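*Asks:* Just structure_9.txt, nothing more (compact mmCIF, N, CA and C atoms):
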```txt
# COMPACT_ATOMS: atom_id res chain seq x y z
N MET S 365 -75.10 -265.36 21.97
CA MET S 365 -74.85 -264.12 22.67
C MET S 365 -74.89 -264.32 24.17
N LEU S 366 -75.71 -265.26 24.66
CA LEU S 366 -75.83 -265.44 26.10
C LEU S 366 -74.74 -266.34 26.68
N PHE S 367 -74.21 -267.23 25.87
CA PHE S 367 -73.25 -268.19 26.39
C PHE S 367 -71.83 -267.72 26.13
N ARG S 368 -71.00 -267.80 27.16
CA ARG S 368 -69.61 -267.31 27.05
C ARG S 368 -68.76 -268.22 26.20
N LYS S 369 -67.96 -267.61 25.34
CA LYS S 369 -66.95 -268.33 24.58
C LYS S 369 -65.67 -268.29 25.42
N LEU S 370 -65.15 -269.45 25.78
CA LEU S 370 -63.99 -269.51 26.64
C LEU S 370 -62.71 -269.70 25.83
N THR S 371 -61.63 -269.10 26.31
CA THR S 371 -60.33 -269.15 25.66
C THR S 371 -59.44 -270.17 26.35
N VAL S 372 -58.63 -270.88 25.56
CA VAL S 372 -57.67 -271.83 26.11
C VAL S 372 -56.43 -271.06 26.58
N HIS S 373 -56.00 -271.34 27.81
CA HIS S 373 -54.74 -270.82 28.34
C HIS S 373 -53.75 -271.97 28.32
N VAL S 374 -52.50 -271.67 27.95
CA VAL S 374 -51.49 -272.71 27.78
C VAL S 374 -50.27 -272.39 28.64
N GLN S 375 -49.70 -273.42 29.26
CA GLN S 375 -48.44 -273.27 29.99
C GLN S 375 -47.52 -274.40 29.57
N PRO S 376 -46.31 -274.13 29.12
CA PRO S 376 -45.71 -272.81 28.99
C PRO S 376 -46.44 -271.98 27.93
N LYS S 377 -46.40 -270.66 28.13
CA LYS S 377 -47.15 -269.73 27.29
C LYS S 377 -46.50 -269.55 25.92
N ASP S 378 -47.30 -269.58 24.88
CA ASP S 378 -46.93 -269.29 23.49
C ASP S 378 -46.06 -270.35 22.82
N LYS S 379 -45.16 -271.01 23.56
CA LYS S 379 -44.25 -272.01 22.97
C LYS S 379 -44.15 -273.22 23.89
N THR S 380 -43.97 -274.39 23.27
CA THR S 380 -43.76 -275.60 24.04
C THR S 380 -42.80 -276.50 23.28
N LEU S 381 -42.41 -277.61 23.89
CA LEU S 381 -41.48 -278.55 23.28
C LEU S 381 -42.16 -279.88 22.98
N VAL S 382 -41.67 -280.56 21.96
CA VAL S 382 -42.12 -281.90 21.64
C VAL S 382 -41.89 -282.79 22.86
N ASN S 383 -42.85 -283.64 23.16
CA ASN S 383 -42.80 -284.60 24.28
C ASN S 383 -42.80 -283.97 25.67
N LEU S 384 -43.14 -282.70 25.77
CA LEU S 384 -43.26 -282.02 27.07
C LEU S 384 -44.75 -281.95 27.43
N ASP S 385 -45.07 -282.19 28.71
CA ASP S 385 -46.46 -282.02 29.15
C ASP S 385 -46.82 -280.54 29.04
N THR S 386 -47.75 -280.22 28.18
CA THR S 386 -48.23 -278.86 28.00
C THR S 386 -49.56 -278.75 28.74
N ILE S 387 -49.64 -277.83 29.68
CA ILE S 387 -50.84 -277.67 30.51
C ILE S 387 -51.83 -276.77 29.78
N VAL S 388 -53.10 -277.19 29.76
CA VAL S 388 -54.17 -276.36 29.19
C VAL S 388 -55.27 -276.20 30.23
N TYR S 389 -55.89 -275.03 30.20
CA TYR S 389 -57.01 -274.77 31.10
C TYR S 389 -57.79 -273.59 30.53
N THR S 390 -58.96 -273.36 31.08
CA THR S 390 -59.78 -272.21 30.70
C THR S 390 -60.36 -271.60 31.96
N ASP S 391 -61.08 -270.51 31.79
CA ASP S 391 -61.66 -269.80 32.94
C ASP S 391 -62.75 -270.65 33.60
N LYS S 392 -62.77 -270.64 34.93
CA LYS S 392 -63.83 -271.33 35.65
C LYS S 392 -65.08 -270.48 35.56
N THR S 393 -66.16 -271.10 35.19
CA THR S 393 -67.43 -270.40 35.05
C THR S 393 -68.49 -271.18 35.80
N GLY S 394 -69.18 -270.53 36.67
CA GLY S 394 -70.27 -271.18 37.39
C GLY S 394 -71.55 -271.09 36.56
N VAL S 395 -72.66 -271.12 37.22
CA VAL S 395 -73.95 -270.99 36.55
C VAL S 395 -74.10 -269.56 36.04
N LEU S 396 -74.38 -269.43 34.76
CA LEU S 396 -74.63 -268.12 34.16
C LEU S 396 -76.14 -267.90 34.13
N THR S 397 -76.59 -266.79 34.66
CA THR S 397 -78.02 -266.49 34.69
C THR S 397 -78.27 -265.17 33.98
N TYR S 398 -79.22 -265.19 33.06
CA TYR S 398 -79.57 -264.00 32.29
C TYR S 398 -81.07 -263.77 32.37
N GLN S 399 -81.45 -262.51 32.46
CA GLN S 399 -82.87 -262.17 32.42
C GLN S 399 -83.09 -261.29 31.20
N VAL S 400 -83.98 -261.74 30.34
CA VAL S 400 -84.29 -261.00 29.11
C VAL S 400 -85.81 -260.89 28.99
N THR S 401 -86.24 -260.01 28.12
CA THR S 401 -87.67 -259.87 27.84
C THR S 401 -87.89 -260.21 26.37
N ILE S 402 -88.81 -261.16 26.14
CA ILE S 402 -89.13 -261.58 24.77
C ILE S 402 -90.63 -261.43 24.57
N LEU S 403 -91.01 -260.61 23.62
CA LEU S 403 -92.42 -260.33 23.33
C LEU S 403 -93.18 -259.89 24.58
N GLY S 404 -92.50 -259.14 25.44
CA GLY S 404 -93.12 -258.61 26.64
C GLY S 404 -93.13 -259.56 27.83
N PHE S 405 -92.62 -260.77 27.66
CA PHE S 405 -92.58 -261.74 28.75
C PHE S 405 -91.17 -261.82 29.33
N PRO S 406 -91.05 -261.86 30.67
CA PRO S 406 -89.73 -262.02 31.27
C PRO S 406 -89.27 -263.48 31.13
N VAL S 407 -88.05 -263.64 30.69
CA VAL S 407 -87.48 -264.98 30.49
C VAL S 407 -86.16 -265.05 31.27
N VAL S 408 -86.02 -266.10 32.08
CA VAL S 408 -84.78 -266.34 32.82
C VAL S 408 -84.09 -267.52 32.14
N VAL S 409 -82.85 -267.28 31.71
CA VAL S 409 -82.05 -268.31 31.06
C VAL S 409 -80.89 -268.65 31.97
N LYS S 410 -80.67 -269.94 32.20
CA LYS S 410 -79.53 -270.40 33.00
C LYS S 410 -78.70 -271.37 32.18
N ALA S 411 -77.39 -271.23 32.29
CA ALA S 411 -76.47 -272.11 31.57
C ALA S 411 -75.35 -272.53 32.51
N THR S 412 -75.07 -273.82 32.55
CA THR S 412 -74.02 -274.36 33.40
C THR S 412 -73.06 -275.17 32.53
N PRO S 413 -71.76 -274.86 32.56
CA PRO S 413 -70.81 -275.68 31.81
C PRO S 413 -70.85 -277.12 32.32
N SER S 414 -71.06 -278.07 31.42
CA SER S 414 -71.16 -279.47 31.84
C SER S 414 -70.05 -280.33 31.25
N LYS S 415 -69.43 -279.86 30.17
CA LYS S 415 -68.37 -280.65 29.53
C LYS S 415 -67.48 -279.72 28.73
N TYR S 416 -66.20 -280.08 28.64
CA TYR S 416 -65.22 -279.30 27.89
C TYR S 416 -64.56 -280.23 26.87
N VAL S 417 -64.57 -279.84 25.61
CA VAL S 417 -63.93 -280.63 24.56
C VAL S 417 -62.76 -279.82 24.04
N TRP S 418 -61.54 -280.32 24.30
CA TRP S 418 -60.31 -279.62 23.96
C TRP S 418 -59.83 -280.08 22.59
N SER S 419 -59.57 -279.15 21.70
CA SER S 419 -59.00 -279.44 20.40
C SER S 419 -57.57 -278.91 20.42
N PHE S 420 -56.59 -279.82 20.28
CA PHE S 420 -55.19 -279.45 20.46
C PHE S 420 -54.50 -278.97 19.19
N GLY S 421 -55.20 -278.97 18.07
CA GLY S 421 -54.62 -278.43 16.83
C GLY S 421 -53.76 -279.41 16.07
N ASP S 422 -53.60 -280.62 16.61
CA ASP S 422 -52.80 -281.64 15.93
C ASP S 422 -53.68 -282.85 15.57
N ARG S 423 -54.95 -282.58 15.35
CA ARG S 423 -55.95 -283.59 15.02
C ARG S 423 -56.29 -284.51 16.18
N THR S 424 -55.98 -284.07 17.40
CA THR S 424 -56.38 -284.83 18.58
C THR S 424 -57.27 -283.96 19.45
N SER S 425 -58.08 -284.62 20.26
CA SER S 425 -58.95 -283.89 21.18
C SER S 425 -59.13 -284.71 22.45
N LYS S 426 -59.69 -284.07 23.45
CA LYS S 426 -59.90 -284.71 24.74
C LYS S 426 -61.13 -284.08 25.39
N SER S 427 -61.97 -284.88 26.03
CA SER S 427 -63.14 -284.38 26.74
C SER S 427 -62.91 -284.47 28.24
N THR S 428 -63.30 -283.42 28.95
CA THR S 428 -63.20 -283.40 30.41
C THR S 428 -64.46 -282.77 30.99
N TYR S 429 -64.63 -282.95 32.29
CA TYR S 429 -65.74 -282.31 32.98
C TYR S 429 -65.25 -281.17 33.86
N SER S 430 -64.01 -280.78 33.64
CA SER S 430 -63.37 -279.74 34.42
C SER S 430 -62.73 -278.72 33.48
N PRO S 431 -62.65 -277.45 33.91
CA PRO S 431 -61.97 -276.44 33.09
C PRO S 431 -60.45 -276.49 33.23
N GLY S 432 -59.93 -277.39 34.09
CA GLY S 432 -58.49 -277.45 34.32
C GLY S 432 -58.04 -276.34 35.24
N ALA S 433 -56.71 -276.24 35.41
CA ALA S 433 -56.14 -275.23 36.29
C ALA S 433 -54.70 -274.98 35.88
N PRO S 434 -54.17 -273.77 36.23
CA PRO S 434 -52.77 -273.47 35.88
C PRO S 434 -51.79 -274.26 36.74
N TYR S 435 -50.52 -274.18 36.36
CA TYR S 435 -49.44 -274.81 37.11
C TYR S 435 -49.50 -274.36 38.57
N PRO S 436 -49.32 -275.22 39.53
CA PRO S 436 -48.70 -276.53 39.47
C PRO S 436 -49.65 -277.67 39.14
N SER S 437 -50.92 -277.39 38.90
CA SER S 437 -51.85 -278.45 38.52
C SER S 437 -51.47 -278.99 37.15
N LYS S 438 -51.56 -280.28 37.03
CA LYS S 438 -51.36 -280.92 35.73
C LYS S 438 -52.60 -281.75 35.41
N GLU S 439 -53.74 -281.16 35.74
CA GLU S 439 -55.01 -281.86 35.56
C GLU S 439 -55.28 -282.18 34.10
N ILE S 440 -55.04 -281.20 33.21
CA ILE S 440 -55.25 -281.43 31.78
C ILE S 440 -53.97 -281.07 31.05
N THR S 441 -53.35 -282.08 30.44
CA THR S 441 -52.10 -281.87 29.71
C THR S 441 -52.18 -282.55 28.35
N HIS S 442 -51.26 -282.16 27.48
CA HIS S 442 -51.15 -282.78 26.17
C HIS S 442 -49.69 -282.79 25.76
N LYS S 443 -49.24 -283.89 25.14
CA LYS S 443 -47.88 -283.97 24.61
C LYS S 443 -47.96 -283.95 23.09
N TYR S 444 -47.26 -282.99 22.50
CA TYR S 444 -47.17 -282.92 21.04
C TYR S 444 -46.05 -283.84 20.59
N LEU S 445 -46.26 -284.55 19.49
CA LEU S 445 -45.28 -285.52 19.02
C LEU S 445 -44.37 -285.00 17.93
N LYS S 446 -44.73 -283.85 17.34
CA LYS S 446 -43.84 -283.26 16.34
C LYS S 446 -43.96 -281.75 16.38
N ARG S 447 -42.93 -281.09 15.85
CA ARG S 447 -42.91 -279.63 15.89
C ARG S 447 -43.85 -279.04 14.85
N GLY S 448 -44.17 -277.78 15.05
CA GLY S 448 -45.07 -277.09 14.14
C GLY S 448 -45.80 -275.96 14.85
N ASP S 449 -46.72 -275.36 14.14
CA ASP S 449 -47.57 -274.30 14.69
C ASP S 449 -49.00 -274.82 14.71
N VAL S 450 -49.67 -274.67 15.84
CA VAL S 450 -51.04 -275.16 15.98
C VAL S 450 -51.92 -274.08 16.59
N ASN S 451 -53.21 -274.32 16.51
CA ASN S 451 -54.20 -273.46 17.16
C ASN S 451 -55.09 -274.35 18.02
N LEU S 452 -55.15 -274.02 19.30
CA LEU S 452 -55.97 -274.78 20.24
C LEU S 452 -57.30 -274.08 20.44
N SER S 453 -58.32 -274.86 20.79
CA SER S 453 -59.60 -274.26 21.15
C SER S 453 -60.32 -275.19 22.12
N VAL S 454 -61.30 -274.65 22.79
CA VAL S 454 -62.13 -275.45 23.68
C VAL S 454 -63.59 -275.18 23.35
N THR S 455 -64.35 -276.27 23.26
CA THR S 455 -65.79 -276.17 23.07
C THR S 455 -66.44 -276.52 24.39
N VAL S 456 -67.20 -275.59 24.92
CA VAL S 456 -67.89 -275.81 26.19
C VAL S 456 -69.31 -276.24 25.87
N GLU S 457 -69.73 -277.35 26.48
CA GLU S 457 -71.12 -277.78 26.34
C GLU S 457 -71.86 -277.28 27.57
N TYR S 458 -72.83 -276.42 27.34
CA TYR S 458 -73.63 -275.86 28.42
C TYR S 458 -74.92 -276.65 28.58
N ALA S 459 -75.24 -277.02 29.81
CA ALA S 459 -76.56 -277.53 30.13
C ALA S 459 -77.41 -276.29 30.38
N ALA S 460 -78.44 -276.10 29.58
CA ALA S 460 -79.19 -274.85 29.64
C ALA S 460 -80.65 -275.09 29.97
N SER S 461 -81.25 -274.06 30.58
CA SER S 461 -82.69 -274.09 30.86
C SER S 461 -83.23 -272.68 30.74
N PHE S 462 -84.54 -272.60 30.55
CA PHE S 462 -85.19 -271.29 30.53
C PHE S 462 -86.55 -271.39 31.20
N GLN S 463 -87.01 -270.25 31.68
CA GLN S 463 -88.30 -270.18 32.35
C GLN S 463 -88.98 -268.90 31.89
N VAL S 464 -90.19 -269.04 31.35
CA VAL S 464 -90.94 -267.89 30.84
C VAL S 464 -92.00 -267.48 31.86
N ALA S 465 -91.91 -266.24 32.31
CA ALA S 465 -92.90 -265.64 33.21
C ALA S 465 -93.24 -266.51 34.42
N GLY S 466 -92.22 -267.11 35.03
CA GLY S 466 -92.44 -267.91 36.23
C GLY S 466 -93.06 -269.26 35.97
N GLY S 467 -93.20 -269.65 34.73
CA GLY S 467 -93.77 -270.95 34.38
C GLY S 467 -92.80 -272.08 34.64
N PRO S 468 -93.12 -273.26 34.09
CA PRO S 468 -92.24 -274.41 34.33
C PRO S 468 -90.87 -274.22 33.66
N ILE S 469 -89.86 -274.81 34.28
CA ILE S 469 -88.51 -274.73 33.73
C ILE S 469 -88.39 -275.70 32.57
N GLN S 470 -87.88 -275.20 31.46
CA GLN S 470 -87.68 -276.01 30.26
C GLN S 470 -86.18 -276.24 30.08
N TYR S 471 -85.78 -277.51 29.92
CA TYR S 471 -84.36 -277.83 29.77
C TYR S 471 -83.98 -277.96 28.31
N VAL S 472 -82.84 -277.40 27.98
CA VAL S 472 -82.31 -277.42 26.63
C VAL S 472 -80.85 -277.86 26.74
N GLY S 473 -80.41 -278.63 25.81
CA GLY S 473 -78.98 -278.90 25.87
C GLY S 473 -78.62 -280.27 25.36
N PRO S 474 -77.36 -280.51 25.27
CA PRO S 474 -76.31 -279.53 25.54
C PRO S 474 -76.19 -278.50 24.42
N VAL S 475 -75.72 -277.33 24.78
CA VAL S 475 -75.50 -276.25 23.81
C VAL S 475 -73.99 -276.07 23.68
N PRO S 476 -73.38 -276.53 22.55
CA PRO S 476 -71.93 -276.40 22.38
C PRO S 476 -71.54 -275.02 21.87
N ILE S 477 -70.58 -274.40 22.56
CA ILE S 477 -70.06 -273.08 22.16
C ILE S 477 -68.54 -273.17 22.08
N THR S 478 -68.00 -272.94 20.89
CA THR S 478 -66.55 -273.00 20.69
C THR S 478 -65.94 -271.62 20.84
N GLY S 479 -64.88 -271.55 21.63
CA GLY S 479 -64.19 -270.29 21.87
C GLY S 479 -63.19 -269.97 20.78
N PRO S 480 -62.54 -268.82 20.90
CA PRO S 480 -61.54 -268.42 19.91
C PRO S 480 -60.30 -269.31 19.99
N SER S 481 -59.54 -269.35 18.90
CA SER S 481 -58.35 -270.20 18.89
C SER S 481 -57.17 -269.51 19.58
N THR S 482 -56.31 -270.33 20.16
CA THR S 482 -55.11 -269.87 20.84
C THR S 482 -53.91 -270.44 20.09
N PRO S 483 -53.05 -269.59 19.51
CA PRO S 483 -51.89 -270.10 18.77
C PRO S 483 -50.80 -270.64 19.71
N LEU S 484 -50.11 -271.68 19.25
CA LEU S 484 -49.03 -272.28 20.02
C LEU S 484 -47.95 -272.76 19.05
N VAL S 485 -46.69 -272.47 19.38
CA VAL S 485 -45.54 -272.90 18.59
C VAL S 485 -44.92 -274.09 19.30
N ILE S 486 -44.71 -275.19 18.56
CA ILE S 486 -44.10 -276.39 19.13
C ILE S 486 -42.74 -276.56 18.50
N ARG S 487 -41.71 -276.65 19.34
CA ARG S 487 -40.34 -276.80 18.86
C ARG S 487 -39.74 -278.06 19.45
N GLU S 488 -38.65 -278.51 18.84
CA GLU S 488 -37.97 -279.70 19.30
C GLU S 488 -36.61 -279.31 19.87
N ALA S 489 -36.30 -279.77 21.07
CA ALA S 489 -35.00 -279.50 21.68
C ALA S 489 -34.05 -280.62 21.28
N VAL S 490 -32.84 -280.22 20.90
CA VAL S 490 -31.82 -281.17 20.48
C VAL S 490 -30.59 -280.99 21.37
N PRO S 491 -30.13 -282.06 22.02
CA PRO S 491 -28.96 -281.94 22.89
C PRO S 491 -27.69 -281.79 22.05
N VAL S 492 -26.77 -280.98 22.51
CA VAL S 492 -25.50 -280.76 21.83
C VAL S 492 -24.38 -280.92 22.86
N LEU S 493 -23.41 -281.78 22.55
CA LEU S 493 -22.26 -281.94 23.43
C LEU S 493 -21.23 -280.88 23.11
N VAL S 494 -20.72 -280.23 24.14
CA VAL S 494 -19.70 -279.21 23.96
C VAL S 494 -18.56 -279.47 24.94
N ASP S 495 -17.39 -278.99 24.59
CA ASP S 495 -16.24 -279.08 25.46
C ASP S 495 -15.92 -277.66 25.91
N PRO S 496 -16.46 -277.27 27.11
CA PRO S 496 -16.26 -275.89 27.55
C PRO S 496 -14.79 -275.60 27.84
N PRO S 497 -14.38 -274.33 27.63
CA PRO S 497 -13.00 -273.97 27.96
C PRO S 497 -12.73 -274.12 29.45
N ARG S 498 -11.50 -274.46 29.77
CA ARG S 498 -11.14 -274.67 31.19
C ARG S 498 -10.34 -273.54 31.72
```
Could you spell out this file's structure in structure tokens?
*Replies:*
Amino acid sequence: MLFRKLTVHVQPKDKTLVNLDTIVYTDKTGVLTYQVTILGFPVVVKATPSKYVWSFGDRTSKSTYSPGAPYPSKEITHKYLKRGDVNLSVTVEYAASFQVAGGPIQYVGPVPITGPSTPLVIREAVPVLVDPPR
């Protein structure tokens, strides 16, 4: 509940072509800080994204330390080798810590949180020679 599930954004959106660099990225998230009360004690929880594991839906994955960025950045890309329908997702590993009532900071992690899947259609472009009318 405390850790954000991040969604994969894809460019081109919704559809891509075989052997085309498909850009993927997710939302940039800094340190997330939450204050909760447990059994009457104030608890401060902090979570920082430390790693991103991209699942491309074609049985391949890639790990990065960056959330990527939209076009024109090509920081994180993937080339699909065959057509089909896939679902992409990203698992964010959070480096987490908590502190109870101002006591010592306790480190926990990594805490992996997988976001919802993003559907993508992969098609193949085929060149066709034509003789246009003159």
*Asks:* Set the distance at 6 Å and use all atoms listed in the file: which residues neighbour S:Thr386 once local chain neighbours fewer than 3 positions away are removed? I'd like the list as number ranges by chain.
*Replies:* S: 375-376, 440-443
*Asks:* For each of S:Leu452, S:Leu493, S:Ile477, S:Leu445, take the minimum atom-to-atom distance to S:Leu384, counting all atoms listed in the file, then give the residue where this is smallest.
*Replies:*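 Counting all atoms listed in the file, the residue closest to S:Leu384 is S:Leu445.
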*Asks:* Excluding S:Ala459 and its own-chain neighbours fewer than 2 positions away, which residues fall within 7 Å of it when counting all atoms listed in the file? Please give them as JSON, numbers by chain.
*Replies:* {"S": [410, 411, 412, 413, 414, 415, 457, 461, 472, 473, 474, 475]}
*Asks:* Using Å and a single decimal, report how far atom CA of S:Pro431 sits from atom C of S:Val417.
*Replies:*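 Atom C of S:Val417 sits 9.7 Å away from atom CA of S:Pro431.
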*Asks:* Please, what distance in Å, to one decimal, runs between atom CA of S:Arg447 and atom CA of S:Thr371?
*Replies:*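 Between atom CA of S:Arg447 and atom CA of S:Thr371 the gap works out to 22.6 Å.
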